[in-house]
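Peer 1: There's a structure below that I have some questions on.
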Amino acid sequence: MAKISEKTLLNMSRLTLLSNISRSFLTFVFSAVFTVSASFAEAPADTTKANAAATTTTSAADPAAIKEGESLFKANCKSCHKVDMDAVGPALKGVGSRRKPQWIRDWVHNNAAFRAKGDKDAIAIWEKWNKSEMTAFPTLTDAQIDAIVAYVDNAPATTAPSDTTGTKGANGPATGGGEYDTVILGLVVVVLLLVLITLLVFLRVIKKYLKEKEAGLSSEDKELVNQKFDIKAVVKSKGFITIVSVLFIVIAVRACWLGMLSIGVEQNYQPVQPIHFSHKLHAGDNKINCNYCHTGAYKGKQANIPSLNICMNCHTHVKKGPQYGETEIAKVVAAYNEGTPIRWVRIHNLPDLAYFNHSQHTKVAGIECQKCHGPIEEMEVVKQYSNLTMGWCINCHRETAVNSQGNAYYDRLLKVHDEAKRKGDMTAEEMGGLDCSKCHY
Ligand code: HEC
Ligand code: HEC
Ligand code: HEC
Ligand code: HEC
Ligand code: HEC
Ligand code: HEC
């Protein structure tokens, strides 16, 4: 047994302490990097969004113009063009580099006249698209057309509106996060990696220094100094195992919680319908009143999906549509003649335990369809706009004042409300809109 001097004893405890500290710190840094990369894996959508944003910002364009372009595109072009997919007309992304600005302006203003002037490209694309007519837009200004081009060339990649979204609940509610979070996470990773590298360098320097003085060290200290960095020891260490288990539990609990919250919630559900019936075409472009087809919306509980009789009021005459020609309308006529109803896929569906009445909201409360169903008149394919959770119903009942116009019964209630000097309007809540029994059988 070598005699241990006081000095080496001090030295040794220092060294062990140092090595312990650096080991726990390494463990911490490792697990932190692990967590951060795990949350990266959890938020793939966000990262792709960030990537898309990164690629788009490279071609500099005025955000205001892009914004204007977006609404112009949606109002005028969306019925025939998709940004990155062929539709009635070609995909428009990249058109700004494919064509000269003046060419696009001439084409959009009046493509027939432009072709008549003998522009070769214009005739070529027209023939390529089987001589389909594109509407002329003589009222759009040059700046507006440029804005549309700026928008389509800078629009982030979109998913197809129909056709691919056949699986129910595929698009759950957003799970938080955002580009901002991604940036912060990225920064954290970089900083942690830097710390890790600095630490490793620091350790190395200390070891080297001690090695030079090896002669004066005790055998145990020598062992410590000559020790190789052992990943196995780190992985087996208690600290590491604890941190990893805690992280695992936290992530699992969070996933379960989010999963439970979204059970039965089918916001954005947008099934493919057996016939390509377009609300944009009927309720939007042709301005057919919702009530013409959904005859129950102001009368009763159900809004009703129209029967084929209602379609045939018009489609005995209208045989050809702008998008699908005769094929889709032929399906309507055939089904009518055979007497088989169309099997529309139901989109909005409350569970049986809940009671909802349309006329109470549309006729009595005077709420517009769009408040709950979104801009239906702009949808080629209907999707569920609101999440239809209990929280959604309750929130609105808390916030919305009842419509008391021309309703003697409410006049009395309002008087009571005013006499009680309650602040603000009388809300649905005060009418009993939060009573469980009002919504649950
Ligand atoms: C009624 C359907 C329809 C509408 C609405 C429509 N387009 Fe088109 N567009 C087409 C078709 C179809 C073509 C292919 C050429 C052809 O057959 O005329 C086309 C071609 C084009 C092209 C040429 C693409 C290329 O690759 O050269 C541009 C640019 C264009 N459209 C822009 C617009 C803009 C901008 C709007 C909105 C202001 C718009 N279109 C609205 C149907 C439409
Ligand atoms: C020409 C007839 C017609 C008109 C007008 C019309 N709809 Fe519809 N609507 C339908 C048909 C057919 C369906 C079923 C097919 C589908 O979902 O696209 C439907 C489906 C819906 C759905 C989804 C039903 C479900 O399954 O949950 C909503 C919501 C809706 N319509 C709201 C409206 C609103 C709001 C308007 C007015 C802005 C309107 N509709 C105008 C025919 C019409
Ligand atoms: C009030 C009249 C009216 C009613 C009711 C009506 N439609 Fe239409 N429909 C039209 C018009 C107008 C067009 C477009 C014709 C055009 O623009 O060339 C059209 C077009 C269509 C198209 C062709 C779409 C395309 O782009 O090719 C389909 C499919 C269609 N309707 C289905 C239906 C169904 C299903 C119903 C019943 C739920 C219905 N329509 C009820 C007036 C009506
Ligand atoms: C206060 C919110 C709200 C308003 C306003 C509203 N709806 Fe609904 N709508 C719903 C809910 C919730 C459902 C699901 C009902 C169910 O599953 O029992 C629904 C379902 C539907 C359906 C599917 C078939 C049915 O009857 O269940 C159609 C069609 C529809 N709404 C059309 C309309 C139209 C048209 C209007 C405007 C006149 C309208 N809605 C206004 C909330 C609303
Ligand atoms: C956009 C706002 C809004 C939403 C969303 C909404 N409601 Fe309402 N609801 C109202 C208003 C306003 C009234 C009061 C109507 C009146 O004057 O009687 C009401 C009244 C009711 C009543 C009658 C209450 C009473 O005192 O008789 C029931 C039941 C009801 N809502 C159920 C629902 C259910 C179920 C949902 C969700 C699926 C829902 N509501 C979503 C606004 C809303
Ligand atoms: C304004 C209407 C409304 C009122 C008031 C209301 N609920 Fe609900 N409740 C709903 C709707 C709609 C659903 C279905 C929501 C879903 O599927 O997410 C629901 C679902 C539920 C569920 C099923 C679990 C779930 O989240 O899906 C329970 C339990 C429930 N409600 C209890 C109550 C109780 C207890 C009260 C009284 C304090 C109450 N509700 C008041 C509309 C209401």
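Quick note on naming: the chains in the structure tokens go A, B, ... in the order shown, residues restart at 1 in each chain, and ligands are numbered from 1 in order of appearance.
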Counting only C-alpha atoms and all ligand atoms, what are the residues, protein, DNA or RNA alike, that approach ligand 5 to within 9 Å? I want them as a VMD selection string.
Peer 2: chain A and resid 350 354 to 358 360 to 369 371 to 372 386 388 to 404 410 427 to 440
Peer 1: With N, CA and C atoms retained, could you export that selection as a compact mmCIF listing (two decimals), in the first residue's frame?
Peer 2:
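Contents of again.txt, as written:
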# COMPACT_ATOMS: atom_id res chain seq x y z
N LEU A 350 -72.75 14.80 -35.07
CA LEU A 350 -72.60 14.83 -33.63
C LEU A 350 -72.88 13.44 -33.08
N ALA A 354 -75.73 14.01 -28.06
CA ALA A 354 -75.92 15.46 -28.12
C ALA A 354 -77.11 15.83 -29.01
N TYR A 355 -77.80 16.89 -28.62
CA TYR A 355 -78.95 17.35 -29.38
C TYR A 355 -78.63 18.70 -29.99
N PHE A 356 -78.80 18.82 -31.27
CA PHE A 356 -78.57 20.10 -31.92
C PHE A 356 -79.73 20.38 -32.85
N ASN A 357 -80.19 21.62 -32.84
CA ASN A 357 -81.32 21.97 -33.67
C ASN A 357 -80.96 23.15 -34.58
N HIS A 358 -81.12 22.96 -35.88
CA HIS A 358 -80.75 24.03 -36.80
C HIS A 358 -81.63 25.27 -36.66
N GLN A 360 -83.30 26.50 -34.32
CA GLN A 360 -83.02 27.28 -33.11
C GLN A 360 -81.88 28.27 -33.35
N HIS A 361 -80.94 27.87 -34.16
CA HIS A 361 -79.78 28.72 -34.39
C HIS A 361 -79.94 29.63 -35.61
N THR A 362 -80.52 29.10 -36.70
CA THR A 362 -80.64 29.92 -37.91
C THR A 362 -81.82 30.88 -37.82
N LYS A 363 -82.99 30.32 -37.52
CA LYS A 363 -84.19 31.15 -37.53
C LYS A 363 -84.29 31.97 -36.25
N VAL A 364 -84.21 31.32 -35.08
CA VAL A 364 -84.42 32.02 -33.81
C VAL A 364 -83.22 32.93 -33.49
N ALA A 365 -82.01 32.37 -33.54
CA ALA A 365 -80.85 33.17 -33.14
C ALA A 365 -80.30 34.01 -34.30
N GLY A 366 -80.73 33.70 -35.53
CA GLY A 366 -80.29 34.49 -36.67
C GLY A 366 -78.81 34.33 -36.99
N ILE A 367 -78.26 33.16 -36.71
CA ILE A 367 -76.84 32.93 -37.00
C ILE A 367 -76.70 32.45 -38.45
N GLU A 368 -75.71 32.99 -39.13
CA GLU A 368 -75.49 32.59 -40.52
C GLU A 368 -74.89 31.18 -40.58
N CYS A 369 -75.21 30.48 -41.66
CA CYS A 369 -74.66 29.13 -41.84
C CYS A 369 -73.14 29.18 -41.74
N LYS A 371 -71.11 30.92 -40.12
CA LYS A 371 -70.50 31.05 -38.78
C LYS A 371 -70.08 29.66 -38.28
N CYS A 372 -70.87 28.66 -38.59
CA CYS A 372 -70.55 27.31 -38.12
C CYS A 372 -69.92 26.45 -39.22
N SER A 386 -65.81 23.61 -38.41
CA SER A 386 -65.68 23.74 -36.96
C SER A 386 -65.41 22.37 -36.35
N LEU A 388 -66.88 21.04 -33.72
CA LEU A 388 -68.11 20.47 -33.17
C LEU A 388 -67.91 19.81 -31.81
N THR A 389 -66.99 20.32 -31.02
CA THR A 389 -66.86 19.77 -29.66
C THR A 389 -67.82 20.49 -28.74
N MET A 390 -68.00 19.94 -27.55
CA MET A 390 -68.85 20.57 -26.56
C MET A 390 -68.32 21.96 -26.22
N GLY A 391 -67.00 22.07 -26.12
CA GLY A 391 -66.39 23.37 -25.81
C GLY A 391 -66.76 24.42 -26.85
N TRP A 392 -66.85 24.00 -28.09
CA TRP A 392 -67.19 24.92 -29.17
C TRP A 392 -68.62 25.44 -28.98
N CYS A 393 -69.56 24.54 -28.72
CA CYS A 393 -70.95 24.95 -28.49
C CYS A 393 -71.01 25.92 -27.32
N ILE A 394 -70.37 25.52 -26.21
CA ILE A 394 -70.47 26.30 -24.97
C ILE A 394 -69.87 27.68 -25.13
N ASN A 395 -68.71 27.75 -25.75
CA ASN A 395 -68.07 29.05 -25.98
C ASN A 395 -69.00 30.01 -26.65
N CYS A 396 -69.62 29.54 -27.71
CA CYS A 396 -70.48 30.43 -28.45
C CYS A 396 -71.70 30.82 -27.61
N HIS A 397 -72.21 29.89 -26.82
CA HIS A 397 -73.35 30.23 -25.98
C HIS A 397 -72.97 31.27 -24.93
N ARG A 398 -71.72 31.26 -24.53
CA ARG A 398 -71.28 32.27 -23.56
C ARG A 398 -71.17 33.63 -24.20
N GLU A 399 -70.76 33.63 -25.49
CA GLU A 399 -70.41 34.89 -26.13
C GLU A 399 -71.55 35.54 -26.90
N THR A 400 -72.47 34.72 -27.41
CA THR A 400 -73.43 35.27 -28.36
C THR A 400 -74.68 35.78 -27.68
N ALA A 401 -75.03 36.99 -28.04
CA ALA A 401 -76.26 37.58 -27.52
C ALA A 401 -77.44 36.96 -28.25
N VAL A 402 -78.54 36.76 -27.55
CA VAL A 402 -79.70 36.20 -28.24
C VAL A 402 -80.32 37.28 -29.12
N ASN A 403 -80.98 36.82 -30.12
CA ASN A 403 -81.61 37.72 -31.06
C ASN A 403 -83.06 37.89 -30.62
N SER A 404 -83.37 39.07 -30.10
CA SER A 404 -84.69 39.21 -29.49
C SER A 404 -85.66 39.96 -30.38
N TYR A 410 -89.00 36.90 -25.61
CA TYR A 410 -87.68 37.41 -25.24
C TYR A 410 -87.77 38.81 -24.66
N THR A 427 -76.95 36.86 -23.12
CA THR A 427 -76.34 35.80 -23.93
C THR A 427 -77.17 34.53 -23.86
N ALA A 428 -76.82 33.62 -24.76
CA ALA A 428 -77.50 32.32 -24.76
C ALA A 428 -77.29 31.62 -23.43
N GLU A 429 -76.15 31.88 -22.80
CA GLU A 429 -75.87 31.27 -21.50
C GLU A 429 -76.95 31.63 -20.49
N GLU A 430 -77.33 32.92 -20.49
CA GLU A 430 -78.32 33.36 -19.52
C GLU A 430 -79.70 32.79 -19.80
N MET A 431 -79.88 32.32 -21.01
CA MET A 431 -81.15 31.67 -21.36
C MET A 431 -81.14 30.21 -20.92
N GLY A 432 -80.07 29.77 -20.38
CA GLY A 432 -79.98 28.36 -20.00
C GLY A 432 -79.22 27.55 -21.03
N GLY A 433 -78.46 28.24 -21.85
CA GLY A 433 -77.73 27.56 -22.92
C GLY A 433 -76.57 26.71 -22.43
N LEU A 434 -76.29 26.75 -21.12
CA LEU A 434 -75.24 25.89 -20.61
C LEU A 434 -75.80 24.71 -19.80
N ASP A 435 -77.14 24.63 -19.71
CA ASP A 435 -77.73 23.49 -18.98
C ASP A 435 -77.45 22.21 -19.72
N CYS A 436 -76.96 21.24 -18.99
CA CYS A 436 -76.62 19.97 -19.62
C CYS A 436 -77.82 19.42 -20.38
N SER A 437 -79.00 19.55 -19.77
CA SER A 437 -80.16 18.88 -20.35
C SER A 437 -80.62 19.53 -21.66
N LYS A 438 -80.18 20.76 -21.91
CA LYS A 438 -80.57 21.40 -23.17
C LYS A 438 -79.90 20.69 -24.35
N CYS A 439 -78.71 20.20 -24.14
CA CYS A 439 -77.96 19.60 -25.24
C CYS A 439 -77.84 18.08 -25.13
N HIS A 440 -78.16 17.56 -23.95
CA HIS A 440 -78.03 16.11 -23.78
C HIS A 440 -79.38 15.51 -23.46
Peer 1: Mind dumping a table of every chain A residue within 9 Å of ligand 1, with the nearest atom pair and its distance in Å to one decimal, using only C-alpha atoms and all ligand atoms, sorted by chain and rising number, as JSON lines?
Peer 2:
{"residue": "A:Leu72", "atom": "CA", "partner": "ligand 1", "partner_atom_place_in_ligand_line": "38 (C)", "distance": 7.0}
{"residue": "A:Phe73", "atom": "CA", "partner": "ligand 1", "partner_atom_place_in_ligand_line": "37 (C)", "distance": 5.7}
{"residue": "A:Lys74", "atom": "CA", "partner": "ligand 1", "partner_atom_place_in_ligand_line": "37 (C)", "distance": 8.2}
{"residue": "A:Ala75", "atom": "CA", "partner": "ligand 1", "partner_atom_place_in_ligand_line": "37 (C)", "distance": 7.9}
{"residue": "A:Asn76", "atom": "CA", "partner": "ligand 1", "partner_atom_place_in_ligand_line": "37 (C)", "distance": 4.6}
{"residue": "A:Cys77", "atom": "CA", "partner": "ligand 1", "partner_atom_place_in_ligand_line": "37 (C)", "distance": 3.4}
{"residue": "A:Lys78", "atom": "CA", "partner": "ligand 1", "partner_atom_place_in_ligand_line": "5 (C)", "distance": 6.8}
{"residue": "A:Ser79", "atom": "CA", "partner": "ligand 1", "partner_atom_place_in_ligand_line": "5 (C)", "distance": 5.7}
{"residue": "A:Cys80", "atom": "CA", "partner": "ligand 1", "partner_atom_place_in_ligand_line": "2 (C)", "distance": 4.3}
{"residue": "A:His81", "atom": "CA", "partner": "ligand 1", "partner_atom_place_in_ligand_line": "7 (N)", "distance": 6.1}
{"residue": "A:Ala87", "atom": "CA", "partner": "ligand 1", "partner_atom_place_in_ligand_line": "12 (C)", "distance": 8.3}
{"residue": "A:Val88", "atom": "CA", "partner": "ligand 1", "partner_atom_place_in_ligand_line": "12 (C)", "distance": 5.3}
{"residue": "A:Gly89", "atom": "CA", "partner": "ligand 1", "partner_atom_place_in_ligand_line": "11 (C)", "distance": 3.6}
{"residue": "A:Pro90", "atom": "CA", "partner": "ligand 1", "partner_atom_place_in_ligand_line": "14 (C)", "distance": 5.8}
{"residue": "A:Ala91", "atom": "CA", "partner": "ligand 1", "partner_atom_place_in_ligand_line": "26 (O)", "distance": 7.2}
{"residue": "A:Leu92", "atom": "CA", "partner": "ligand 1", "partner_atom_place_in_ligand_line": "24 (C)", "distance": 6.2}
{"residue": "A:Lys93", "atom": "CA", "partner": "ligand 1", "partner_atom_place_in_ligand_line": "26 (O)", "distance": 8.8}
{"residue": "A:Gly94", "atom": "CA", "partner": "ligand 1", "partner_atom_place_in_ligand_line": "26 (O)", "distance": 8.4}
{"residue": "A:Val95", "atom": "CA", "partner": "ligand 1", "partner_atom_place_in_ligand_line": "26 (O)", "distance": 5.9}
{"residue": "A:Gly96", "atom": "CA", "partner": "ligand 1", "partner_atom_place_in_ligand_line": "29 (C)", "distance": 8.2}
{"residue": "A:Arg98", "atom": "CA", "partner": "ligand 1", "partner_atom_place_in_ligand_line": "26 (O)", "distance": 7.0}
{"residue": "A:Arg99", "atom": "CA", "partner": "ligand 1", "partner_atom_place_in_ligand_line": "27 (O)", "distance": 6.6}
{"residue": "A:Trp103", "atom": "CA", "partner": "ligand 1", "partner_atom_place_in_ligand_line": "29 (C)", "distance": 8.3}
{"residue": "A:Ile104", "atom": "CA", "partner": "ligand 1", "partner_atom_place_in_ligand_line": "29 (C)", "distance": 5.2}
{"residue": "A:Arg105", "atom": "CA", "partner": "ligand 1", "partner_atom_place_in_ligand_line": "29 (C)", "distance": 8.0}
{"residue": "A:Trp107", "atom": "CA", "partner": "ligand 1", "partner_atom_place_in_ligand_line": "29 (C)", "distance": 6.6}
{"residue": "A:Val108", "atom": "CA", "partner": "ligand 1", "partner_atom_place_in_ligand_line": "32 (C)", "distance": 5.6}
{"residue": "A:His109", "atom": "CA", "partner": "ligand 1", "partner_atom_place_in_ligand_line": "38 (C)", "distance": 8.4}
{"residue": "A:Asn111", "atom": "CA", "partner": "ligand 1", "partner_atom_place_in_ligand_line": "18 (O)", "distance": 7.1}
{"residue": "A:Ala112", "atom": "CA", "partner": "ligand 1", "partner_atom_place_in_ligand_line": "18 (O)", "distance": 8.1}
{"residue": "A:Asp121", "atom": "CA", "partner": "ligand 1", "partner_atom_place_in_ligand_line": "27 (O)", "distance": 7.5}
{"residue": "A:Ala122", "atom": "CA", "partner": "ligand 1", "partner_atom_place_in_ligand_line": "27 (O)", "distance": 7.2}
{"residue": "A:Ile123", "atom": "CA", "partner": "ligand 1", "partner_atom_place_in_ligand_line": "18 (O)", "distance": 8.3}
{"residue": "A:Ala124", "atom": "CA", "partner": "ligand 1", "partner_atom_place_in_ligand_line": "15 (C)", "distance": 8.4}
{"residue": "A:Ile125", "atom": "CA", "partner": "ligand 1", "partner_atom_place_in_ligand_line": "15 (C)", "distance": 5.1}
{"residue": "A:Trp126", "atom": "CA", "partner": "ligand 1", "partner_atom_place_in_ligand_line": "16 (C)", "distance": 3.8}
{"residue": "A:Glu127", "atom": "CA", "partner": "ligand 1", "partner_atom_place_in_ligand_line": "17 (O)", "distance": 6.4}
{"residue": "A:Lys128", "atom": "CA", "partner": "ligand 1", "partner_atom_place_in_ligand_line": "17 (O)", "distance": 6.9}
{"residue": "A:Trp129", "atom": "CA", "partner": "ligand 1", "partner_atom_place_in_ligand_line": "17 (O)", "distance": 4.3}
{"residue": "A:Asn130", "atom": "CA", "partner": "ligand 1", "partner_atom_place_in_ligand_line": "17 (O)", "distance": 6.1}
{"residue": "A:Lys131", "atom": "CA", "partner": "ligand 1", "partner_atom_place_in_ligand_line": "17 (O)", "distance": 4.6}
{"residue": "A:Ser132", "atom": "CA", "partner": "ligand 1", "partner_atom_place_in_ligand_line": "17 (O)", "distance": 4.0}
{"residue": "A:Glu133", "atom": "CA", "partner": "ligand 1", "partner_atom_place_in_ligand_line": "18 (O)", "distance": 4.9}
{"residue": "A:Met134", "atom": "CA", "partner": "ligand 1", "partner_atom_place_in_ligand_line": "42 (C)", "distance": 3.9}
{"residue": "A:Thr135", "atom": "CA", "partner": "ligand 1", "partner_atom_place_in_ligand_line": "1 (C)", "distance": 5.1}
{"residue": "A:Ala136", "atom": "CA", "partner": "ligand 1", "partner_atom_place_in_ligand_line": "41 (C)", "distance": 7.8}
{"residue": "A:Phe137", "atom": "CA", "partner": "ligand 1", "partner_atom_place_in_ligand_line": "38 (C)", "distance": 6.3}
{"residue": "A:Leu140", "atom": "CA", "partner": "ligand 1", "partner_atom_place_in_ligand_line": "38 (C)", "distance": 7.5}
{"residue": "A:Gln144", "atom": "CA", "partner": "ligand 1", "partner_atom_place_in_ligand_line": "38 (C)", "distance": 8.8}
{"residue": "A:Ile145", "atom": "CA", "partner": "ligand 1", "partner_atom_place_in_ligand_line": "35 (C)", "distance": 6.2}
{"residue": "A:Asp146", "atom": "CA", "partner": "ligand 1", "partner_atom_place_in_ligand_line": "35 (C)", "distance": 8.7}
{"residue": "A:Ile148", "atom": "CA", "partner": "ligand 1", "partner_atom_place_in_ligand_line": "35 (C)", "distance": 6.1}
{"residue": "A:Val149", "atom": "CA", "partner": "ligand 1", "partner_atom_place_in_ligand_line": "35 (C)", "distance": 6.9}
{"residue": "A:Val152", "atom": "CA", "partner": "ligand 1", "partner_atom_place_in_ligand_line": "35 (C)", "distance": 9.0}
{"residue": "A:Pro322", "atom": "CA", "partner": "ligand 1", "partner_atom_place_in_ligand_line": "1 (C)", "distance": 7.1}
{"residue": "A:Gln323", "atom": "CA", "partner": "ligand 1", "partner_atom_place_in_ligand_line": "1 (C)", "distance": 8.0}
Peer 1: Go through chain A residue by residue and, counting only C-alpha atoms and all ligand atoms, keep those with an atom at most 7 Å from ligand 2; for each kept residue give the shortest atom pair and its distance in Å to one decimal, ordered by chain and increasing number, as JSON lines.
Peer 2:
{"residue": "A:Gln273", "atom": "CA", "partner": "ligand 2", "partner_atom_place_in_ligand_line": "16 (C)", "distance": 6.3}
{"residue": "A:Phe277", "atom": "CA", "partner": "ligand 2", "partner_atom_place_in_ligand_line": "18 (O)", "distance": 5.4}
{"residue": "A:Ser278", "atom": "CA", "partner": "ligand 2", "partner_atom_place_in_ligand_line": "18 (O)", "distance": 6.3}
{"residue": "A:His279", "atom": "CA", "partner": "ligand 2", "partner_atom_place_in_ligand_line": "6 (C)", "distance": 5.9}
{"residue": "A:His282", "atom": "CA", "partner": "ligand 2", "partner_atom_place_in_ligand_line": "1 (C)", "distance": 5.4}
{"residue": "A:Ala283", "atom": "CA", "partner": "ligand 2", "partner_atom_place_in_ligand_line": "5 (C)", "distance": 4.6}
{"residue": "A:Ile288", "atom": "CA", "partner": "ligand 2", "partner_atom_place_in_ligand_line": "5 (C)", "distance": 4.6}
{"residue": "A:Asn289", "atom": "CA", "partner": "ligand 2", "partner_atom_place_in_ligand_line": "5 (C)", "distance": 5.1}
{"residue": "A:Cys290", "atom": "CA", "partner": "ligand 2", "partner_atom_place_in_ligand_line": "37 (C)", "distance": 3.4}
{"residue": "A:Asn291", "atom": "CA", "partner": "ligand 2", "partner_atom_place_in_ligand_line": "5 (C)", "distance": 6.9}
{"residue": "A:Tyr292", "atom": "CA", "partner": "ligand 2", "partner_atom_place_in_ligand_line": "5 (C)", "distance": 5.9}
{"residue": "A:Cys293", "atom": "CA", "partner": "ligand 2", "partner_atom_place_in_ligand_line": "2 (C)", "distance": 4.4}
{"residue": "A:His294", "atom": "CA", "partner": "ligand 2", "partner_atom_place_in_ligand_line": "7 (N)", "distance": 6.2}
{"residue": "A:Ile305", "atom": "CA", "partner": "ligand 2", "partner_atom_place_in_ligand_line": "13 (C)", "distance": 5.5}
{"residue": "A:Pro306", "atom": "CA", "partner": "ligand 2", "partner_atom_place_in_ligand_line": "12 (C)", "distance": 5.8}
{"residue": "A:Cys311", "atom": "CA", "partner": "ligand 2", "partner_atom_place_in_ligand_line": "1 (C)", "distance": 6.5}
{"residue": "A:Trp344", "atom": "CA", "partner": "ligand 2", "partner_atom_place_in_ligand_line": "15 (C)", "distance": 5.5}
{"residue": "A:Val345", "atom": "CA", "partner": "ligand 2", "partner_atom_place_in_ligand_line": "26 (O)", "distance": 6.1}
{"residue": "A:Arg346", "atom": "CA", "partner": "ligand 2", "partner_atom_place_in_ligand_line": "26 (O)", "distance": 3.6}
{"residue": "A:Ile347", "atom": "CA", "partner": "ligand 2", "partner_atom_place_in_ligand_line": "27 (O)", "distance": 3.6}
{"residue": "A:His348", "atom": "CA", "partner": "ligand 2", "partner_atom_place_in_ligand_line": "27 (O)", "distance": 3.5}
{"residue": "A:Asn349", "atom": "CA", "partner": "ligand 2", "partner_atom_place_in_ligand_line": "27 (O)", "distance": 6.5}
{"residue": "A:Cys369", "atom": "CA", "partner": "ligand 2", "partner_atom_place_in_ligand_line": "35 (C)", "distance": 4.8}
{"residue": "A:Gln370", "atom": "CA", "partner": "ligand 2", "partner_atom_place_in_ligand_line": "35 (C)", "distance": 5.9}
{"residue": "A:His373", "atom": "CA", "partner": "ligand 2", "partner_atom_place_in_ligand_line": "29 (C)", "distance": 5.4}
{"residue": "A:Ile376", "atom": "CA", "partner": "ligand 2", "partner_atom_place_in_ligand_line": "35 (C)", "distance": 5.3}
{"residue": "A:Glu377", "atom": "CA", "partner": "ligand 2", "partner_atom_place_in_ligand_line": "38 (C)", "distance": 4.8}
{"residue": "A:Val381", "atom": "CA", "partner": "ligand 2", "partner_atom_place_in_ligand_line": "18 (O)", "distance": 5.7}
{"residue": "A:Val382", "atom": "CA", "partner": "ligand 2", "partner_atom_place_in_ligand_line": "18 (O)", "distance": 5.2}
Peer 1: Could the residues in this selection be saved with C-alpha atoms as a PDB file, in the first residue's frame?
Peer 2:
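part.pdb was written with the following content:
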ATOM      1  CA  GLN A 273     -68.313  12.432 -52.612  1.00  0.00           C
ATOM      2  CA  PHE A 277     -71.034  18.319 -56.519  1.00  0.00           C
ATOM      3  CA  SER A 278     -69.549  21.766 -56.045  1.00  0.00           C
ATOM      4  CA  HIS A 279     -70.929  24.292 -53.559  1.00  0.00           C
ATOM      5  CA  HIS A 282     -74.004  26.198 -57.085  1.00  0.00           C
ATOM      6  CA  ALA A 283     -74.101  28.366 -53.952  1.00  0.00           C
ATOM      7  CA  ILE A 288     -78.482  29.366 -55.288  1.00  0.00           C
ATOM      8  CA  ASN A 289     -79.817  29.906 -51.771  1.00  0.00           C
ATOM      9  CA  CYS A 290     -78.727  27.319 -49.210  1.00  0.00           C
ATOM     10  CA  ASN A 291     -82.327  26.936 -48.182  1.00  0.00           C
ATOM     11  CA  TYR A 292     -83.332  25.919 -51.723  1.00  0.00           C
ATOM     12  CA  CYS A 293     -81.522  22.635 -51.218  1.00  0.00           C
ATOM     13  CA  HIS A 294     -81.190  22.317 -47.446  1.00  0.00           C
ATOM     14  CA  ILE A 305     -79.374  16.861 -47.836  1.00  0.00           C
ATOM     15  CA  PRO A 306     -81.450  17.542 -50.991  1.00  0.00           C
ATOM     16  CA  CYS A 311     -81.362  18.553 -58.487  1.00  0.00           C
ATOM     17  CA  TRP A 344     -73.517  11.133 -50.049  1.00  0.00           C
ATOM     18  CA  VAL A 345     -70.856  10.699 -47.412  1.00  0.00           C
ATOM     19  CA  ARG A 346     -71.972  12.408 -44.237  1.00  0.00           C
ATOM     20  CA  ILE A 347     -69.513  15.020 -43.021  1.00  0.00           C
ATOM     21  CA  HIS A 348     -70.903  16.695 -39.894  1.00  0.00           C
ATOM     22  CA  ASN A 349     -72.022  14.209 -37.308  1.00  0.00           C
ATOM     23  CA  CYS A 369     -74.661  29.128 -41.843  1.00  0.00           C
ATOM     24  CA  GLN A 370     -71.086  30.315 -42.469  1.00  0.00           C
ATOM     25  CA  HIS A 373     -69.858  25.794 -41.532  1.00  0.00           C
ATOM     26  CA  ILE A 376     -69.240  26.832 -47.942  1.00  0.00           C
ATOM     27  CA  GLU A 377     -69.966  28.875 -51.053  1.00  0.00           C
ATOM     28  CA  VAL A 381     -65.632  19.942 -51.842  1.00  0.00           C
ATOM     29  CA  VAL A 382     -67.288  20.492 -48.471  1.00  0.00           C
TER      30      VAL A 382
END
Peer 1: DSSP says alpha helix (DSSP H) for which residues of range 305-403 of chain A? Put them as a PyMOL selection string?
Peer 2: chain A and resi 308-315+327-338+358-359+369-373+390-399
Peer 1: For each of A:Lys120, A:Lys222, A:Lys232, A:Lys299, take the minimum atom-to-atom distance to ligand 4, counting only C-alpha atoms and all ligand atoms, then give the residue where this is smallest.
Peer 2: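 The shortest atom-to-atom distance to ligand 4 comes from A:Lys299.
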Peer 1: Which residues are close to range 329-340 of chain A, i.e. within 7 Å by only C-alpha atoms, leaving aside same-chain residues fewer than 6 positions away? Reply as an NGL selection string.
Peer 2: :A and (308 or 319-320)
